[in-house]
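Visitor: The structure's right below; bear with me while I get my questions together.
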There are 2 protein chains.
Amino acid sequence: MFTPATADQRFVLDHIVGIADLAATERFAAASDDVVDAVLEGVGQLAAGEWAPLLRAGDTVGAKWTPEGVVMPDGFVKAYHDYVEGGWGTIGVPEEFGGQGLPFAIQTAVLDTLGSANMGFALAPTLTVGAIEALAHHGTPDQQALYLPHLATGEWTGTMNLTEPQAGSDVGALRSTATPLGDDKWSIKGTKIYISFGDHDMAPNIVHLVLARTPGAPAGTKGISLFLVPKYRLNADGTPGDFNDVRVVSIEHKMGLHASPTCVLSFGDNDDCIGELIGGEFGGIRAMFTMMNNARLNVGLQGVQVAEAATQAAVGYALERVQSARAGSPSKESVKIVEHPDVRRMLLRMKAQTQAARALVYYAAAQVDRAALGEAGAQDRLEILTPLAKAHGTDLGNEVASLGIQVHGGMGYIEETGAAQFFRDARITPIYEGTNGIQAADLVGRKLSMANGGVFAQLIADMRAEAQDTGLIGLIDACDEIGRGMAGLDADDKLAASYPFLTMLSVATCGWLMERSGRIATGDDAFSAMKRAACAFYVAQIVPEALGLKAAATAKADVLYSVPAEAFAA
Amino acid sequence: MFTPATADQRFVLDHIVGIADLAATERFAAASDDVVDAVLEGVGQLAAGEWAPLLRAGDTVGAKWTPEGVVMPDGFVKAYHDYVEGGWGTIGVPEEFGGQGLPFAIQTAVLDTLGSANMGFALAPTLTVGAIEALAHHGTPDQQALYLPHLATGEWTGTMNLTEPQAGSDVGALRSTATPLGDDKWSIKGTKIYISFGDHDMAPNIVHLVLARTPGAPAGTKGISLFLVPKYRLNADGTPGDFNDVRVVSIEHKMGLHASPTCVLSFGDNDDCIGELIGGEFGGIRAMFTMMNNARLNVGLQGVQVAEAATQAAVGYALERVQSARAGSPSKESVKIVEHPDVRRMLLRMKAQTQAARALVYYAAAQVDRAALGEAGAQDRLEILTPLAKAHGTDLGNEVASLGIQVHGGMGYIEETGAAQFFRDARITPIYEGTNGIQAADLVGRKLSMANGGVFAQLIADMRAEAQDTGLIGLIDACDEIGRGMAGLDADDKLAASYPFLTMLSVATCGWLMERSGRIATGDDAFSAMKRAACAFYVAQIVPEALGLKAAATAKADVLYSVPAEAFAA
């Protein structure tokens with residue numbers, strides 16, 4: 001049974017996000033203690049009461065393609081409407097666009113809870129957030145007025161349409177076209193793949209944000225523009241009207257995340273698909289990054305979600321399943337498996353990694369709010385944290401989901417138990433919204449060199465000022481040395497070392513936040529005791545593991561290229 | 001397309017197994033160079049030509065339960081018969097029992113190839129090997145004469161029946177009963193779960209080896225006996241006759257390995273199930289370990305199989321998929337993704353881990369043969385290597401399968417691509433035949449203390465005598481220190497550190513074998529170049545990671561028990 005992780009969320013909001021700082025500002029004055037508690041409790045009820053019970057059906061029935069469009073499993077339409085009715089979509093949307101104007105960090109907590117209950121389902125609101133961001137930052141006042149109120153509530157949902165068969169990580173290779181029709185309208189034509197919630201039956205309209213190429217556009221990413229393409233065009237009164245020639249060709253047969261229909265969308269089969277520019281011609285990549293950056297945090301958050309869910313399931317099983325006496329015990333009575341040291345090690349690792357991932361992602365989310373407040377350095381901090389939150393958050397989600405199966409033993413491999421679903425669902429997260437390899441490339445290729453290394457240096461300085469554990473300080477020092485050394489490397493050497501370095505820096509950041517958490521959690525309640533144990537375990541055992549990556553993070557690319565590509569098939 | 005890994009198998013047989021040493025003995029004189037080559041080539045043809053093409057159907061159609069028994073997907077019956085006809089089952093079976101008497105290491109190579117082509121399918125012959133071992137060591141001459149020739153060819157298959165719903169890792173908790181009928185016959189009654197290939201339509205008889213409790217038997221493992229229970233009783237002429245009241249109640253709905261029916265078997269529903277004792281009353285655990293130990297090596301081998309298959313698929317994709325220009329390159333032409341440093345890092349890691357796992361498992365397999373020859377220390381070496389081969393081999397299989405998905409990007413998550421199947425199939429291997437946690441407990445609880453630590457000390461000494469790399473020597477030293485220290489720890493502390501220690505010792509062993517391999521592979525062919533690169537990568541980058549586990553491998557259990565069990569749910 002799913003229980004919202006309210007205590008840990010509140011702890012992280014208080015001590016990692018610094019929600020009180022935010023609430024002390026005029027902009028976020030609404031984020032008072034009472035409101036935060038009410039939000040966490042309220043969304044927890046929705047998540048536990050309505051969303052979690054649909055978890056299995058989302059997997060076993062899944063979203064289905066039909067000639068009339070994608071149909072969600074029974075119960076999803078109502079559960080989604082209750083989300084809309086409850087106002088949960090509006091949490092982080094600015095008041096000027098019909099939202100509640102609460103901090104992004106609170107919205108993060110809301111999505112955390114919904115996704116921990118049902119990760120695939122929660123992807124629908126998550127994607128809508130990306131569409132809202134793009135429109136809020138790059139839309140015209142008319143576009144904002146027409147679309148944002150409906151997106152803010154979640155009444156309409158949003159999608160991101162980037163990928164084409166030949167254009168995955170290489171977005172610039174896309175071929176979809178937009179031809180001017182005059183009057184700021186464009187005719188959209190092309191096929192997009194991997195469009196999550198590209199169609200479904202939970203909303204009367206779907207707002208597709210589509211990257212396409214205008215006539216004579218330069219090659220590559222420079223020539224890309226972003227278009228707003230609703231499933232149904234708006235009538236004069238703003239209500240959904242005529243079908244806009246956006247068809248679902250098929251949905252993918254994926255390993256997991258079956259609640260989320262992954263659509264192949266065809267735009268303009270009948271030359272009758274009309275879009276509007278967002279962010280100006282050739283402004284597509286900039287607008288896309290606005291949409292993607294928060295999406296990357298939200299995918300990192302999916303790592304937290306699946307880790308939370310997998311941990312709860314494993315703990316529940318370990319507290320019930322009785323097997324074998326405890327080794328070395330005088331009693332020959334069989335015990336609950338939570339009592340066996342190696343099972344308990346796995347569970348504590350799951351707790352520690354879940355809490356660390358939550359701390360990391362919420363900390364990054366807090367920078368969105370601090371940047372919005374104009375706090376010095378917050379935007380920079382956000383940018384350097386984004387690849388860490390996305391890549392390491394999702395890596396941890398996968399690790400924890402795998403441990404969850406292991407704790408269940410043979411039962412974990414049987415689908416009915418549910419542990420396997422988390423493992424299957426989690427596996428997409430290191431891939432989409434920029435593979436984790438792309439995140440590592442972003443870290444070493446762009447983020448380390450921001451402000452001539454000053455952004456990275458400030459992160460290191462902040463960690464160093466607070467860290468106390470020798471091992472943690474050693475890891476921070478190693479990151480500092482390796483990160484500074486990156487500047488002198490050529491592209492191949494940087495990239496060859498990028499992934500292990502990203503992991504090291506992520507663990508250092510988590511270690512910093514977890515060590516602090518352990519110091520703060522002085523209560524004698526069960527949550528505080530568990531927090532102290534998880535933090536102690538993290539610093540003492542997980543931090544040193546990351547130091548073991550130093551050799552890989554300082555290795556050169558030469559060994560990779562010491563054989564021709566074809567020799568890999570030898 | 002699957003290609004048998006013949007070159008690497010031959011390399012490992014020559015330089016890790018020492019096949020020439022074995023062939024120089026009278027017992028294994030048949031294992032000449034020509035024969036070994038012919039075996040590798042011949043089974044490679046069967047695997048690539050007939051078994052690999054059934055890989056997808058094994059997953060998508062899968063074995064099906066019907067009221068008449070389990071039915072395999074189309075093509076499996078013929079492919080299995082061709083395996084039997086080709087004599088591939090007889091490779092490692094002693095000549096006295098109708099086999100070819102070739103080394104176990106050669107049989108390992110045969111199963112490696114078959115399982116790399118189709119891991120779920122290859123589980124059928126793998127399990128038969130366990131039944132052969134149990135009968136060869138503990139059966140009466142009559143039992144051996146009646147059953148072994150049919151099992152040796154694979155004409156009949158074998159199963160192991162240990163687990164019951166309340167008795168998983170705790171085998172001693174089983175409740176199935178055997179009541180004497182006189183004349184060395186026993187009436188068997190009980191339900192067994194997780195019986196791989198417990199039923200199927202590829203063989204005219206199935207030989208179940210069933211653990212059960214005789215009347216008045218002591219509690220726990222001491223009171224367990226092993227019974228031979230055929231699906232069909234034998235007629236006087238030894239042919240299958242009357243149905244023996246063994247029913248398939250259902251098969252499990254698993255995350256993967258769908259080609260292998262995981263059966264719930266009910267014995268004696270009509271009080272008409274007759275079994276014979278194997279290895280004497282209360283000799284069940286000893287006989288089970290005979291069966292299990294080689295089974296553990298063979299499950300470690302499944303890690304090699306799935307790693308090989310996943311690596312081949314990922315390499316194939318990376319050599320074809322074109323995406324993005326190479327960073328830092330003056331050319332803006334898109335390249336095959338194998339050219340991107342982080343993709344190449346993943347592929348080289350996959351190659352290195354696959355080769356390391358193969359070296360480890362074949363090295364352990366070689367000890368079976370050396371022990372059979374009476375070579376001093378070989379049985380001890382086998383026993384200490386078994387938990388490493390099983391646990392680390394399967395851990396690597398999972399890691400490599402996950403990397404295989406990552407290399408495929410979004411395509412990896414789509415079932416049709418096949419990368420996801422490897423990932424799903426692999427996940428059972430750290431669980432069955434003793435979870436990897438049980439393996440770690442076996443290592444620190446039993447194996448380290450063998451001969452007062454002498455068996456462990458000899459392994460360390462052998463590694464130290466050959467290792468040259470400073471990092472590898474450091475890892476060996478760390479293992480030595482930690483392993484010797486285990487003797488002074490209480491059970492909780494030992495077990496708390498057992499898994500990280502098992503990983504360290506496994507990587508040290510692999511590092512030792514890989515470093516040697518890199519020195520030996522001096523050829524200028526593609527395979528040798530790749531071997532050198534994989535070995536260099538392993539020693540330079542993977543060995544140091546394992547050193548990062550030192551803190552965890554020396555941590556005490558206290559942090560695990562610093563909170564009450566219920567606090568894990570807080």
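Please note that chains go A, B, ... in the order of the structure tokens, that every chain numbers its residues from 1, and that ligands are numbered from 1 in the order shown.
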Per residue of chain B within 7 Å of chain A, which atom pair is closest and at what distance in Å (one decimal), using only C-alpha atoms, listed by chain and increasing number, as CSV?
Guide:
residue,atom,partner,partner_atom,distance
B:Asp170,CA,A:Ser324,CA,5.1
B:Glu252,CA,A:Ile414,CA,6.6
B:His253,CA,A:Ile414,CA,5.8
B:Lys254,CA,A:Ile414,CA,4.4
B:Met255,CA,A:Tyr413,CA,5.7
B:Gln312,CA,A:Ala569,CA,7.0
B:Val315,CA,A:Ala569,CA,6.4
B:Gln323,CA,A:Asp170,CA,5.9
B:Ser324,CA,A:Asp170,CA,5.2
B:Ala327,CA,A:Ala491,CA,6.2
B:Gly328,CA,A:Ala491,CA,5.3
B:Val338,CA,A:Ala565,CA,6.6
B:Pro341,CA,A:Ala496,CA,5.1
B:Asp342,CA,A:Ala496,CA,5.5
B:Arg344,CA,A:Leu560,CA,6.2
B:Arg345,CA,A:Leu560,CA,6.4
B:Leu348,CA,A:Leu560,CA,6.9
B:Gln406,CA,A:Ile431,CA,6.7
B:Gly409,CA,A:Ile431,CA,5.8
B:Gly410,CA,A:Ile431,CA,6.2
B:Tyr413,CA,A:Lys254,CA,5.6
B:Ile414,CA,A:Lys254,CA,4.4
B:Glu415,CA,A:Lys254,CA,5.4
B:Ala420,CA,A:Met255,CA,6.4
B:Ile428,CA,A:Tyr413,CA,6.3
B:Ile431,CA,A:Gly409,CA,5.8
B:Tyr432,CA,A:Gly410,CA,6.9
B:Gly437,CA,A:Asp342,CA,6.4
B:Ala491,CA,A:Gly328,CA,5.2
B:Asp492,CA,A:Pro341,CA,6.0
B:Leu495,CA,A:Pro341,CA,5.8
B:Ala496,CA,A:Pro341,CA,5.1
B:Ala526,CA,A:Ala567,CA,5.2
B:Phe527,CA,A:Ala570,CA,5.1
B:Ala529,CA,A:Val563,CA,6.2
B:Met530,CA,A:Ala567,CA,6.1
B:Ala533,CA,A:Val559,CA,6.2
B:Phe537,CA,A:Val559,CA,7.0
B:Ala540,CA,A:Ala551,CA,6.9
B:Gln541,CA,A:Ala552,CA,5.0
B:Pro544,CA,A:Gly548,CA,5.4
B:Glu545,CA,A:Gly548,CA,4.1
B:Ala546,CA,A:Gly548,CA,6.8
B:Leu547,CA,A:Gly548,CA,6.0
B:Gly548,CA,A:Gly548,CA,4.0
B:Leu549,CA,A:Glu545,CA,5.4
B:Ala551,CA,A:Gln541,CA,5.7
B:Ala552,CA,A:Gln541,CA,5.0
B:Val559,CA,A:Ala533,CA,6.2
B:Leu560,CA,A:Arg344,CA,6.3
B:Ser562,CA,A:Ala533,CA,6.7
B:Val563,CA,A:Ala529,CA,6.2
B:Ala565,CA,A:Val338,CA,6.6
B:Ala567,CA,A:Ala526,CA,5.2
B:Phe568,CA,A:Val315,CA,6.5
B:Ala569,CA,A:Val315,CA,6.4
B:Ala570,CA,A:Phe527,CA,5.2
Visitor: As a VMD selection string, please: all residues of segment 141-260 of chain A that backbone DSSP puts in strand (DSSP E).
Guide: chain A and resid 157 to 161 177 to 182 185 to 196 206 to 213 224 to 230 232 to 234 240 to 243 246 to 251
Visitor: Pick out the residues sitting within 9 Å of segment 458-468 of chain A, and hand them over as an MDAnalysis selection string; count only C-alpha atoms, and ignore anything fewer than 6 positions along from it in its own chain.
Guide: chainID A and resid 377 381 384 476:477 479:480 508:509 511:513 515:516
Visitor: Using only C-alpha atoms, which of A:Ala79, A:Ala287, A:Met514, A:Val361 sits nearest Val304 of chain A?
Guide: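 Between A:Ala79, A:Ala287, A:Met514, A:Val361, the residue approaching Val304 of chain A most closely is A:Val361.
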Visitor: Would you mind listing what lies within 10 Å of Ala31 of chain A as a PDB file with C-alpha atoms, in the first residue's frame, with only C-alpha atoms counted and same-chain residues fewer than 2 positions away left out?
Guide:
ATOM      1  CA  ILE A  19      11.031  26.920   1.962  1.00  0.00           C
ATOM      2  CA  ALA A  20      10.905  29.456   4.793  1.00  0.00           C
ATOM      3  CA  ASP A  21      13.287  31.724   2.847  1.00  0.00           C
ATOM      4  CA  LEU A  22      11.021  31.513  -0.143  1.00  0.00           C
ATOM      5  CA  ALA A  23       7.861  32.120   1.855  1.00  0.00           C
ATOM      6  CA  ALA A  24       9.493  35.227   3.328  1.00  0.00           C
ATOM      7  CA  THR A  25       9.423  36.862  -0.096  1.00  0.00           C
ATOM      8  CA  ARG A  27       6.319  36.476  -4.556  1.00  0.00           C
ATOM      9  CA  PHE A  28       6.062  33.259  -2.608  1.00  0.00           C
ATOM     10  CA  ALA A  29       4.341  34.577   0.486  1.00  0.00           C
ATOM     11  CA  ASP A  33       3.792  26.423   6.665  1.00  0.00           C
ATOM     12  CA  ASP A  34       0.079  25.731   6.778  1.00  0.00           C
ATOM     13  CA  VAL A  35      -0.320  25.868   3.037  1.00  0.00           C
ATOM     14  CA  VAL A  36       2.654  23.605   2.450  1.00  0.00           C
ATOM     15  CA  ASP A  37       1.326  21.069   4.915  1.00  0.00           C
ATOM     16  CA  VAL A  39      -0.718  20.748  -0.123  1.00  0.00           C
ATOM     17  CA  GLN A 100      -1.525  29.542  -7.535  1.00  0.00           C
ATOM     18  CA  GLY A 101       1.967  30.952  -7.902  1.00  0.00           C
ATOM     19  CA  LEU A 102       3.490  28.605  -5.344  1.00  0.00           C
ATOM     20  CA  PRO A 103       7.172  27.748  -5.628  1.00  0.00           C
ATOM     21  CA  ILE A 106       6.183  22.751  -4.027  1.00  0.00           C
TER      22      ILE A 106
END
Visitor: If we count only C-alpha atoms and set the cut-off at 6 Å, which residues sit around segment 224-230 of chain A, ignoring sequence neighbours fewer than 3 positions away in its own chain? Please answer as a list in words.
Guide: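 In the requested format, the answer is Ile206, Val207, His208, Leu209, Val210, Leu211, Ala212, Arg213, Thr221, Arg233, Gly275, Glu276, Leu277, Ile278, Glu281, Phe282, Gly283 and Gly284 of chain A.
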Visitor: Can I get the selection written as a compact mmCIF listing (two decimals), in the first residue's frame, with all heavy atoms?
Guide:
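Full text of selection.txt as output:
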# COMPACT_ATOMS: atom_id res chain seq x y z
N ILE A 206 -5.51 18.77 -26.59
CA ILE A 206 -4.10 18.48 -26.30
C ILE A 206 -3.27 19.50 -27.07
O ILE A 206 -3.49 19.72 -28.26
CB ILE A 206 -3.72 17.05 -26.72
CG1 ILE A 206 -4.59 16.03 -25.95
CG2 ILE A 206 -2.24 16.79 -26.49
CD1 ILE A 206 -4.42 14.59 -26.42
N VAL A 207 -2.34 20.12 -26.37
CA VAL A 207 -1.55 21.18 -26.96
C VAL A 207 -0.16 20.64 -27.28
O VAL A 207 0.65 20.41 -26.38
CB VAL A 207 -1.46 22.38 -26.00
CG1 VAL A 207 -0.64 23.50 -26.62
CG2 VAL A 207 -2.87 22.87 -25.63
N HIS A 208 0.08 20.42 -28.57
CA HIS A 208 1.37 19.89 -28.99
C HIS A 208 2.33 21.03 -29.26
O HIS A 208 2.00 21.96 -29.98
CB HIS A 208 1.20 19.06 -30.27
CG HIS A 208 0.22 17.93 -30.14
ND1 HIS A 208 0.44 16.85 -29.33
CD2 HIS A 208 -1.00 17.74 -30.71
CE1 HIS A 208 -0.61 16.01 -29.42
NE2 HIS A 208 -1.49 16.54 -30.24
N LEU A 209 3.51 20.93 -28.69
CA LEU A 209 4.57 21.87 -29.04
C LEU A 209 5.53 21.12 -29.96
O LEU A 209 6.11 20.11 -29.56
CB LEU A 209 5.26 22.38 -27.78
CG LEU A 209 4.34 23.23 -26.90
CD1 LEU A 209 5.10 23.80 -25.71
CD2 LEU A 209 3.70 24.37 -27.69
N VAL A 210 5.66 21.62 -31.18
CA VAL A 210 6.27 20.85 -32.26
C VAL A 210 7.46 21.60 -32.84
O VAL A 210 7.32 22.76 -33.27
CB VAL A 210 5.24 20.60 -33.38
CG1 VAL A 210 5.84 19.73 -34.48
CG2 VAL A 210 3.97 19.96 -32.82
N LEU A 211 8.60 20.94 -32.86
CA LEU A 211 9.76 21.52 -33.53
C LEU A 211 9.69 21.21 -35.03
O LEU A 211 9.47 20.05 -35.41
CB LEU A 211 11.06 20.96 -32.97
CG LEU A 211 11.46 21.43 -31.57
CD1 LEU A 211 12.77 20.75 -31.14
CD2 LEU A 211 11.62 22.94 -31.50
N ALA A 212 9.87 22.24 -35.85
CA ALA A 212 9.82 22.03 -37.30
C ALA A 212 10.73 23.05 -37.98
O ALA A 212 11.29 23.95 -37.35
CB ALA A 212 8.38 22.16 -37.80
N ARG A 213 10.87 22.85 -39.25
CA ARG A 213 11.78 23.64 -40.07
C ARG A 213 10.96 24.51 -41.02
O ARG A 213 10.06 24.01 -41.69
CB ARG A 213 12.60 22.65 -40.88
CG ARG A 213 14.01 22.93 -41.04
CD ARG A 213 14.74 21.75 -41.66
NE ARG A 213 15.49 21.05 -40.65
CZ ARG A 213 16.48 21.61 -39.96
NH1 ARG A 213 16.84 22.87 -40.18
NH2 ARG A 213 17.11 20.95 -39.02
N THR A 221 20.44 22.75 -35.73
CA THR A 221 19.56 23.30 -34.70
C THR A 221 19.28 24.79 -34.92
O THR A 221 18.25 25.28 -34.47
CB THR A 221 20.19 23.13 -33.31
OG1 THR A 221 21.50 23.69 -33.33
CG2 THR A 221 20.25 21.68 -32.90
N ARG A 233 -8.41 22.91 -33.14
CA ARG A 233 -8.26 24.36 -33.25
C ARG A 233 -9.28 25.03 -32.34
O ARG A 233 -10.35 24.48 -32.08
CB ARG A 233 -8.52 24.81 -34.67
CG ARG A 233 -7.46 24.36 -35.62
CD ARG A 233 -7.84 24.74 -37.05
NE ARG A 233 -7.28 23.76 -37.95
CZ ARG A 233 -7.73 23.47 -39.16
NH1 ARG A 233 -8.80 24.10 -39.63
NH2 ARG A 233 -7.14 22.57 -39.91
N GLY A 275 -0.39 25.45 -37.26
CA GLY A 275 0.32 25.78 -36.03
C GLY A 275 0.66 27.26 -35.96
O GLY A 275 0.55 27.98 -36.96
N GLU A 276 1.05 27.69 -34.76
CA GLU A 276 1.50 29.07 -34.55
C GLU A 276 2.91 29.05 -34.00
O GLU A 276 3.26 28.19 -33.19
CB GLU A 276 0.61 29.76 -33.51
CG GLU A 276 -0.84 29.88 -33.88
CD GLU A 276 -1.65 30.49 -32.74
OE1 GLU A 276 -1.07 31.24 -31.91
OE2 GLU A 276 -2.85 30.21 -32.67
N LEU A 277 3.71 30.01 -34.41
CA LEU A 277 5.09 30.11 -33.90
C LEU A 277 5.10 30.45 -32.41
O LEU A 277 4.29 31.25 -31.94
CB LEU A 277 5.81 31.23 -34.65
CG LEU A 277 6.82 30.84 -35.71
CD1 LEU A 277 7.34 32.10 -36.39
CD2 LEU A 277 7.97 30.03 -35.14
N ILE A 278 6.05 29.84 -31.73
CA ILE A 278 6.32 30.20 -30.33
C ILE A 278 7.77 30.63 -30.24
O ILE A 278 8.66 29.84 -30.57
CB ILE A 278 6.15 28.99 -29.39
CG1 ILE A 278 4.80 28.34 -29.54
CG2 ILE A 278 6.44 29.39 -27.96
CD1 ILE A 278 3.79 28.76 -28.54
N GLU A 281 10.73 32.78 -35.35
CA GLU A 281 11.36 31.84 -36.28
C GLU A 281 12.81 31.60 -35.85
O GLU A 281 13.50 32.55 -35.44
CB GLU A 281 11.29 32.40 -37.72
CG GLU A 281 11.53 31.33 -38.76
CD GLU A 281 11.26 31.81 -40.20
OE1 GLU A 281 10.86 32.97 -40.37
OE2 GLU A 281 11.47 31.02 -41.14
N PHE A 282 13.23 30.36 -35.92
CA PHE A 282 14.58 29.93 -35.53
C PHE A 282 14.80 30.06 -34.02
O PHE A 282 15.92 29.91 -33.54
CB PHE A 282 15.68 30.69 -36.28
CG PHE A 282 15.47 30.72 -37.77
CD1 PHE A 282 15.81 31.84 -38.53
CD2 PHE A 282 14.90 29.64 -38.43
CE1 PHE A 282 15.61 31.86 -39.90
CE2 PHE A 282 14.68 29.65 -39.81
CZ PHE A 282 15.03 30.78 -40.54
N GLY A 283 13.76 30.37 -33.30
CA GLY A 283 13.91 30.44 -31.83
C GLY A 283 13.54 29.11 -31.19
O GLY A 283 13.34 29.04 -29.97
N GLY A 284 13.46 28.06 -32.00
CA GLY A 284 12.96 26.78 -31.50
C GLY A 284 13.82 26.15 -30.43
O GLY A 284 13.32 25.61 -29.45
Visitor: What parts of segment 123-183 of chain B does DSSP call helix (DSSP H, G or I)? I'd like the answer as a PyMOL selection string.
Guide: chain B and resi 123-138+141-153+171-173
